[in-house]
file structure-v8.txt (compact mmCIF, C-alpha atoms and all ligand atoms)
# COMPACT_ATOMS: atom_id res chain seq x y z
CA MET A 4 87.16 4.35 95.71
CA ILE A 5 90.40 6.33 96.08
CA VAL A 6 92.36 7.44 92.98
CA THR A 7 95.86 8.88 93.55
CA ILE A 8 97.56 11.30 91.16
CA ASP A 9 101.14 12.07 92.19
CA GLY A 10 103.88 13.82 90.27
CA VAL A 11 106.57 16.48 90.14
CA ALA A 12 105.93 20.22 90.59
CA ALA A 13 103.66 21.81 87.96
CA SER A 14 103.18 18.53 86.10
CA GLY A 15 99.42 19.18 86.00
CA LYS A 16 98.33 17.30 89.15
CA SER A 17 95.69 19.70 90.44
CA SER A 18 94.14 20.56 87.04
CA VAL A 19 94.07 16.90 86.03
CA SER A 20 92.73 15.79 89.43
CA SER A 21 89.98 18.38 89.24
CA GLY A 22 88.96 17.13 85.77
CA VAL A 23 89.03 13.48 86.80
CA ALA A 24 87.12 14.23 90.02
CA ARG A 25 84.43 16.20 88.15
CA ALA A 26 84.02 13.37 85.62
CA LEU A 27 83.61 10.89 88.50
CA GLY A 28 81.39 13.23 90.54
CA VAL A 29 83.70 13.07 93.59
CA PRO A 30 85.93 15.67 95.37
CA TYR A 31 89.66 15.95 94.82
CA VAL A 32 92.12 16.57 97.59
CA SER A 33 95.26 18.69 97.16
CA SER A 34 97.78 17.55 99.77
CA GLY A 35 100.22 20.24 98.60
CA LEU A 36 97.77 22.89 99.72
CA LEU A 37 98.17 21.70 103.33
CA TYR A 38 101.99 21.84 103.07
CA ARG A 39 101.59 25.32 101.61
CA ALA A 40 99.26 26.34 104.47
CA ALA A 41 101.80 25.12 107.05
CA THR A 42 104.52 27.12 105.27
CA LEU A 43 102.51 30.36 105.14
CA LEU A 44 101.46 30.06 108.79
CA ALA A 45 105.07 29.35 109.81
CA HIS A 46 106.30 32.42 107.92
CA GLU A 47 103.60 34.64 109.38
CA ALA A 48 104.41 33.45 112.92
CA GLY A 49 108.17 33.83 112.36
CA LEU A 50 108.72 30.12 113.08
CA ALA A 51 111.37 28.03 111.27
CA PRO A 52 110.26 24.59 109.98
CA HIS A 53 112.35 22.82 112.65
CA ASP A 54 111.04 24.97 115.52
CA PRO A 55 109.30 22.67 118.05
CA ALA A 56 106.68 25.42 118.52
CA LEU A 57 105.46 25.09 114.92
CA LEU A 58 103.33 21.93 115.25
CA PRO A 59 101.43 23.19 118.35
CA HIS A 60 101.01 26.54 116.56
CA LEU A 61 99.46 24.80 113.51
CA GLU A 62 97.22 22.66 115.69
CA ALA A 63 95.91 25.77 117.46
CA GLN A 64 94.92 27.54 114.21
CA PRO A 65 91.29 27.53 112.96
CA LEU A 66 92.43 26.12 109.58
CA ARG A 67 89.65 24.78 107.36
CA PHE A 68 90.32 22.79 104.20
CA GLU A 69 87.56 22.44 101.58
CA PRO A 70 88.40 19.67 99.09
CA LEU A 71 85.85 20.57 96.38
CA ALA A 72 85.91 18.99 92.89
CA GLY A 73 86.08 22.42 91.19
CA GLY A 74 89.05 23.64 93.23
CA ASN A 75 90.36 23.20 96.76
CA ARG A 76 90.03 26.13 99.16
CA LEU A 77 91.74 26.99 102.44
CA TRP A 78 90.46 29.21 105.23
CA LEU A 79 91.90 30.55 108.47
CA GLY A 80 88.74 31.49 110.33
CA GLU A 81 87.06 34.04 108.01
CA ARG A 82 90.26 34.75 106.04
CA GLU A 83 90.69 32.84 102.77
CA LEU A 84 94.28 31.63 102.26
CA THR A 85 93.78 29.85 98.89
CA ALA A 86 95.50 32.50 96.75
CA ASP A 87 98.06 33.53 99.41
CA VAL A 88 99.67 30.08 99.50
CA GLN A 89 100.40 30.10 95.74
CA SER A 90 103.30 32.57 95.98
CA ALA A 91 106.99 32.37 95.09
CA ALA A 92 107.82 32.84 98.81
CA VAL A 93 105.74 29.79 99.78
CA ASP A 94 107.21 27.83 96.82
CA ALA A 95 110.70 28.60 98.13
CA GLY A 96 109.95 27.58 101.74
CA VAL A 97 107.58 24.64 101.36
CA SER A 98 110.11 21.84 100.77
CA ALA A 99 111.80 22.53 104.12
CA VAL A 100 108.42 22.23 105.84
CA ALA A 101 107.63 19.04 103.87
CA ALA A 102 110.94 17.50 104.99
CA ARG A 103 109.86 17.51 108.67
CA PRO A 104 108.38 14.12 109.71
CA GLU A 105 106.10 15.69 112.36
CA LEU A 106 104.65 18.10 109.78
CA ARG A 107 104.15 15.28 107.25
CA ALA A 108 102.27 13.41 109.99
CA TRP A 109 100.10 16.54 110.60
CA VAL A 110 99.15 16.61 106.88
CA ASP A 111 98.65 12.84 106.70
CA ARG A 112 96.30 12.83 109.71
CA ARG A 113 94.07 15.41 108.01
CA LEU A 114 94.05 13.47 104.74
CA ARG A 115 93.28 10.11 106.34
CA ALA A 116 90.35 11.67 108.21
CA LEU A 117 88.55 12.33 104.88
CA THR A 118 85.79 9.99 103.76
CA PRO A 119 86.24 8.33 100.32
CA PRO A 120 85.47 8.40 97.45
CA PHE A 121 87.95 11.06 96.30
CA VAL A 122 90.91 11.76 94.03
CA ALA A 123 94.05 12.63 96.07
CA GLU A 124 97.00 14.45 94.50
CA GLY A 125 100.51 15.24 95.67
CA ARG A 126 103.82 13.38 95.90
CA ASP A 127 103.21 10.39 98.16
CA MET A 128 99.45 9.79 97.94
CA GLY A 129 99.86 6.38 96.24
CA THR A 130 102.81 5.30 98.39
CA ALA A 131 102.75 6.57 102.00
CA VAL A 132 99.26 7.97 102.56
CA PHE A 133 96.80 5.83 100.56
CA PRO A 134 98.71 2.64 99.58
CA GLN A 135 95.31 0.89 99.40
CA ALA A 136 94.12 3.16 96.52
CA GLN A 137 92.35 1.33 93.70
CA ALA A 138 94.11 3.27 90.90
CA LYS A 139 97.41 5.19 90.97
CA PHE A 140 98.93 7.63 88.47
CA TYR A 141 102.19 9.58 88.32
CA LEU A 142 102.52 12.68 86.11
CA THR A 143 105.77 13.94 84.62
CA ALA A 144 106.84 16.55 82.04
CA SER A 145 110.16 18.21 81.22
CA ALA A 146 111.19 21.10 83.48
CA ARG A 147 110.93 23.50 80.51
CA VAL A 148 107.34 22.52 79.71
CA ARG A 149 106.36 22.78 83.37
CA ALA A 150 108.02 26.20 83.71
CA GLN A 151 106.23 27.46 80.59
CA ARG A 152 102.88 26.33 82.00
CA ARG A 153 103.56 28.00 85.38
CA ALA A 154 104.73 31.19 83.64
CA ALA A 155 101.30 31.49 82.07
CA GLU A 156 99.82 31.68 85.60
CA ARG A 157 102.37 33.85 87.45
CA PRO A 158 104.19 37.13 86.83
CA GLU A 159 107.69 35.60 86.80
CA ALA A 160 110.25 34.79 84.09
CA VAL A 161 110.32 31.24 82.64
CA ASP A 162 114.03 30.73 83.38
CA GLU A 163 113.60 31.65 87.05
CA ILE A 164 110.53 29.46 87.37
CA GLU A 165 112.39 26.54 85.76
CA ALA A 166 115.36 26.91 88.14
CA ALA A 167 113.01 27.06 91.15
CA LEU A 168 111.08 23.98 89.93
CA LEU A 169 114.31 21.99 89.54
CA ARG A 170 115.42 23.01 93.05
CA ARG A 171 112.06 21.93 94.46
CA ASP A 172 112.14 18.60 92.54
CA GLU A 173 115.53 17.93 94.14
CA HIS A 174 114.38 18.84 97.68
CA ASP A 175 111.17 16.79 97.29
CA ARG A 176 112.94 13.74 95.85
CA ALA A 177 112.56 11.55 98.96
CA GLN A 178 108.74 11.66 98.94
CA SER A 179 108.34 11.78 95.13
CA VAL A 180 108.88 8.13 94.21
CA PRO A 181 106.11 6.65 92.02
CA ALA A 182 104.31 3.60 93.41
CA PRO A 183 105.55 0.52 91.48
CA GLU A 184 101.99 -0.09 90.23
CA ALA A 185 101.36 3.57 89.21
CA HIS A 186 100.62 4.41 85.57
CA VAL A 187 103.31 6.97 84.64
CA ILE A 188 102.07 9.62 82.17
CA ASP A 189 104.30 12.15 80.40
CA THR A 190 101.91 15.10 80.11
CA GLY A 191 104.32 17.07 77.85
CA PRO A 192 102.81 16.01 74.51
CA LEU A 193 99.22 15.84 75.79
CA THR A 194 96.52 18.45 76.29
CA LEU A 195 94.97 18.77 79.75
CA GLN A 196 91.85 16.96 78.48
CA GLY A 197 94.11 14.33 76.89
CA VAL A 198 95.65 13.54 80.29
CA ILE A 199 92.22 13.43 81.97
CA ASP A 200 90.87 11.07 79.27
CA THR A 201 93.94 8.80 79.55
CA ILE A 202 93.33 8.44 83.30
CA LEU A 203 89.57 7.90 82.96
CA ALA A 204 90.21 5.17 80.36
CA ALA A 205 92.66 3.40 82.71
CA LEU A 206 90.35 3.33 85.76
CA PRO A 207 88.98 -0.02 86.87
CA GLN A 208 85.33 -0.39 85.78
P1 LIG B 301 100.45 20.89 89.63
O1 LIG B 301 99.22 20.72 90.46
O2 LIG B 301 101.16 19.61 89.32
O3 LIG B 301 101.38 21.94 90.15
P2 LIG B 301 98.76 22.37 87.81
O4 LIG B 301 97.53 21.56 87.70
O5 LIG B 301 98.75 23.58 88.66
O6 LIG B 301 100.00 21.44 88.21
O7 LIG B 301 99.17 22.72 86.31
C1 LIG B 301 100.06 23.77 86.00
C2 LIG B 301 99.53 24.47 84.74
O8 LIG B 301 99.72 23.63 83.62
C3 LIG B 301 98.05 24.84 84.77
O9 LIG B 301 97.91 26.13 84.26
C4 LIG B 301 97.41 23.82 83.87
O10 LIG B 301 96.26 24.30 83.22
C5 LIG B 301 98.51 23.54 82.89
N1 LIG B 301 98.48 22.18 82.38
C6 LIG B 301 98.38 21.08 83.05
N2 LIG B 301 98.43 19.97 82.25
C7 LIG B 301 98.56 20.43 81.03
C8 LIG B 301 98.71 19.80 79.76
N3 LIG B 301 98.71 18.50 79.58
N4 LIG B 301 98.86 20.61 78.71
C9 LIG B 301 98.88 21.94 78.87
N5 LIG B 301 98.77 22.57 80.05
C10 LIG B 301 98.61 21.84 81.11
O1 LIG B 302 101.94 21.69 92.35
P1 LIG B 302 103.21 22.06 92.98
O2 LIG B 302 104.20 20.97 92.95
O3 LIG B 302 103.76 23.38 92.56
O4 LIG B 302 102.89 22.26 94.48
P2 LIG B 302 102.06 21.39 95.49
O5 LIG B 302 101.57 20.09 94.94
O6 LIG B 302 101.09 22.35 96.05
O7 LIG B 302 103.16 21.01 96.58
C1 LIG B 302 103.87 21.99 97.28
C2 LIG B 302 104.97 21.31 98.07
O8 LIG B 302 104.40 20.51 99.10
C3 LIG B 302 105.89 20.37 97.30
O9 LIG B 302 106.96 21.07 96.68
C4 LIG B 302 106.37 19.42 98.40
O10 LIG B 302 107.44 20.00 99.13
C5 LIG B 302 105.18 19.35 99.33
N1 LIG B 302 104.36 18.16 99.14
C6 LIG B 302 104.81 16.97 99.68
O11 LIG B 302 105.91 16.90 100.22
N2 LIG B 302 104.01 15.86 99.64
C7 LIG B 302 102.81 15.91 99.05
N3 LIG B 302 102.04 14.83 99.05
C8 LIG B 302 102.36 17.12 98.46
C9 LIG B 302 103.17 18.22 98.50
call {"tool": "encode", "arguments": {"input": "structure-v8.txt", "output": "structure tokens"}}
result
Amino acid sequence: MIVTIDGVAASGKSSVSSGVARALGVPYVSSGLLYRAATLLAHEAGLAPHDPALLPHLEAQPLRFEPLAGGNRLWLGERELTADVQSAAVDAGVSAVAARPELRAWVDRRLRALTPPFVAEGRDMGTAVFPQAQAKFYLTASARVRAQRRAAERPEAVDEIEAALLRRDEHDRAQSVPAPEAHVIDTGPLTLQGVIDTILAALPQ
């Protein structure tokens, strides 16, 4: 079985996916982490997203992606990248990377190589990457609520985080369309466990 959980930035996708995956005893897969890895590696190599050298550069890297239920981890050889990709600099650059069709195809190839069952989260898991998924969800919340949640995790001001989230929502709009059959959940009034329980209750038996 494949369950997809898409949604806007900081809507709760990875925390909710981790909870749902643990309840089901399967891994979850953070597609955003791969876009973030591509962005960090591009920055470190001094390559712009549209540089034709970027895709061969990515393909030559010893990048390892561990989609564990408790939390996804990224490695470049022996170096762990998991924390490094969750920075304001990567946030600011990732949408330009995600707008490149050849880089989307690089991410999609890695995702489609995984063996189900799993929970996949991102923007286009239920539409472009796993249209055959058995259950699809789409998480939303107001920009203010999302910024307040992110502010609890990062040393930045809520207003700046909110402005950056709105910019990223706008840049990611093309790939952030809910599947027509997705259950749309406003996570604003719910606790994290409340969102997880709502999804578990809606899964096909
Ligand atoms: P995303 O993967 O969509 O960026 P995260 O899972 O990183 O979102 O969630 C952002 C933050 O919001 C996390 O600190 C998470 O614990 C918190 N969070 C998620 N959902 C809820 C919720 N319903 N109520 C309160 N906090 C939440
Ligand atoms: O959780 P948050 O939205 O902050 O970040 P993420 O899910 O790690 O995604 C980071 C970025 O990757 C997004 O802003 C998109 O630009 C891109 N992305 C995408 O285009 N398609 C996906 N399926 C997942 C992420």
call {"tool": "residues_near_ligand", "arguments": {"input": "structure-v8.txt", "ligand": "ligand LIG 302 (chain B)", "cutoff": "8 Å", "atoms": "only C-alpha atoms and all ligand atoms", "output": "ChimeraX atom specification"}}
result
/A:9-17,33-39,89,94,97-102,107,124-128,168,171-172,174-175,178-179
call {"tool": "atom_distance", "arguments": {"input": "structure-v8.txt", "atom1": "atom P2 of ligand LIG 301 (chain B)", "atom2": "atom CA of Leu27 of chain A"}}
result
19.0 Å
call {"tool": "closest_residue", "arguments": {"input": "structure-v8.txt", "among": "A:His186, A:Arg176, A:Arg153, A:Arg170", "to": "Ala138 of chain A", "atoms": "all atoms listed in the file"}}
result
A:His186
call {"tool": "residues_around", "arguments": {"input": "structure-v8.txt", "residues": "segment 156-161 of chain A", "least_positions_apart": "6", "cutoff": "9 Å", "atoms": "only C-alpha atoms", "output": "list of chain:residue names"}}
result
A:Ser90, A:Ala91, A:Arg147, A:Ala150
call {"tool": "closest_residue", "arguments": {"input": "structure-v8.txt", "among": "A:Val198, A:Ala146, A:Leu114, A:Val187", "to": "Glu173 of chain A", "atoms": "only C-alpha atoms"}}
result
A:Ala146
call {"tool": "residues_around", "arguments": {"input": "structure-v8.txt", "residues": "Ser18 of chain A", "least_positions_apart": "2", "cutoff": "9 Å", "atoms": "only C-alpha atoms", "output": "number ranges by chain"}}
result
A: 15-16, 20-23, 74, 195, 199
call {"tool": "closest_residue", "arguments": {"input": "structure-v8.txt", "among": "A:Leu44, A:Ala167, A:Val19, A:Val6", "to": "ligand LIG 301 (chain B)", "atoms": "all atoms listed in the file"}}
result
A:Val19
call {"tool": "closest_residue", "arguments": {"input": "structure-v8.txt", "among": "A:Leu142, A:Pro30, A:Leu58, A:Leu66", "to": "Pro181 of chain A", "atoms": "only C-alpha atoms"}}
result
A:Leu142
call {"tool": "closest_residue", "arguments": {"input": "structure-v8.txt", "among": "A:Ala144, A:Val180, A:Ala136, A:Leu77", "to": "Pro207 of chain A", "atoms": "all atoms listed in the file"}}
result
A:Ala136
call {"tool": "closest_residue", "arguments": {"input": "structure-v8.txt", "among": "A:Ile8, A:Ala95, A:Ala185, A:Ala45", "to": "ligand LIG 301 (chain B)", "atoms": "all atoms listed in the file"}}
result
A:Ile8
call {"tool": "atom_distance", "arguments": {"input": "structure-v8.txt", "atom1": "atom CA of Ala26 of chain A", "atom2": "atom CA of Asp189 of chain A"}}
result
21.0 Å
call {"tool": "atom_distance", "arguments": {"input": "structure-v8.txt", "atom1": "atom CA of Leu50 of chain A", "atom2": "atom CA of Leu84 of chain A"}}
result
18.1 Å
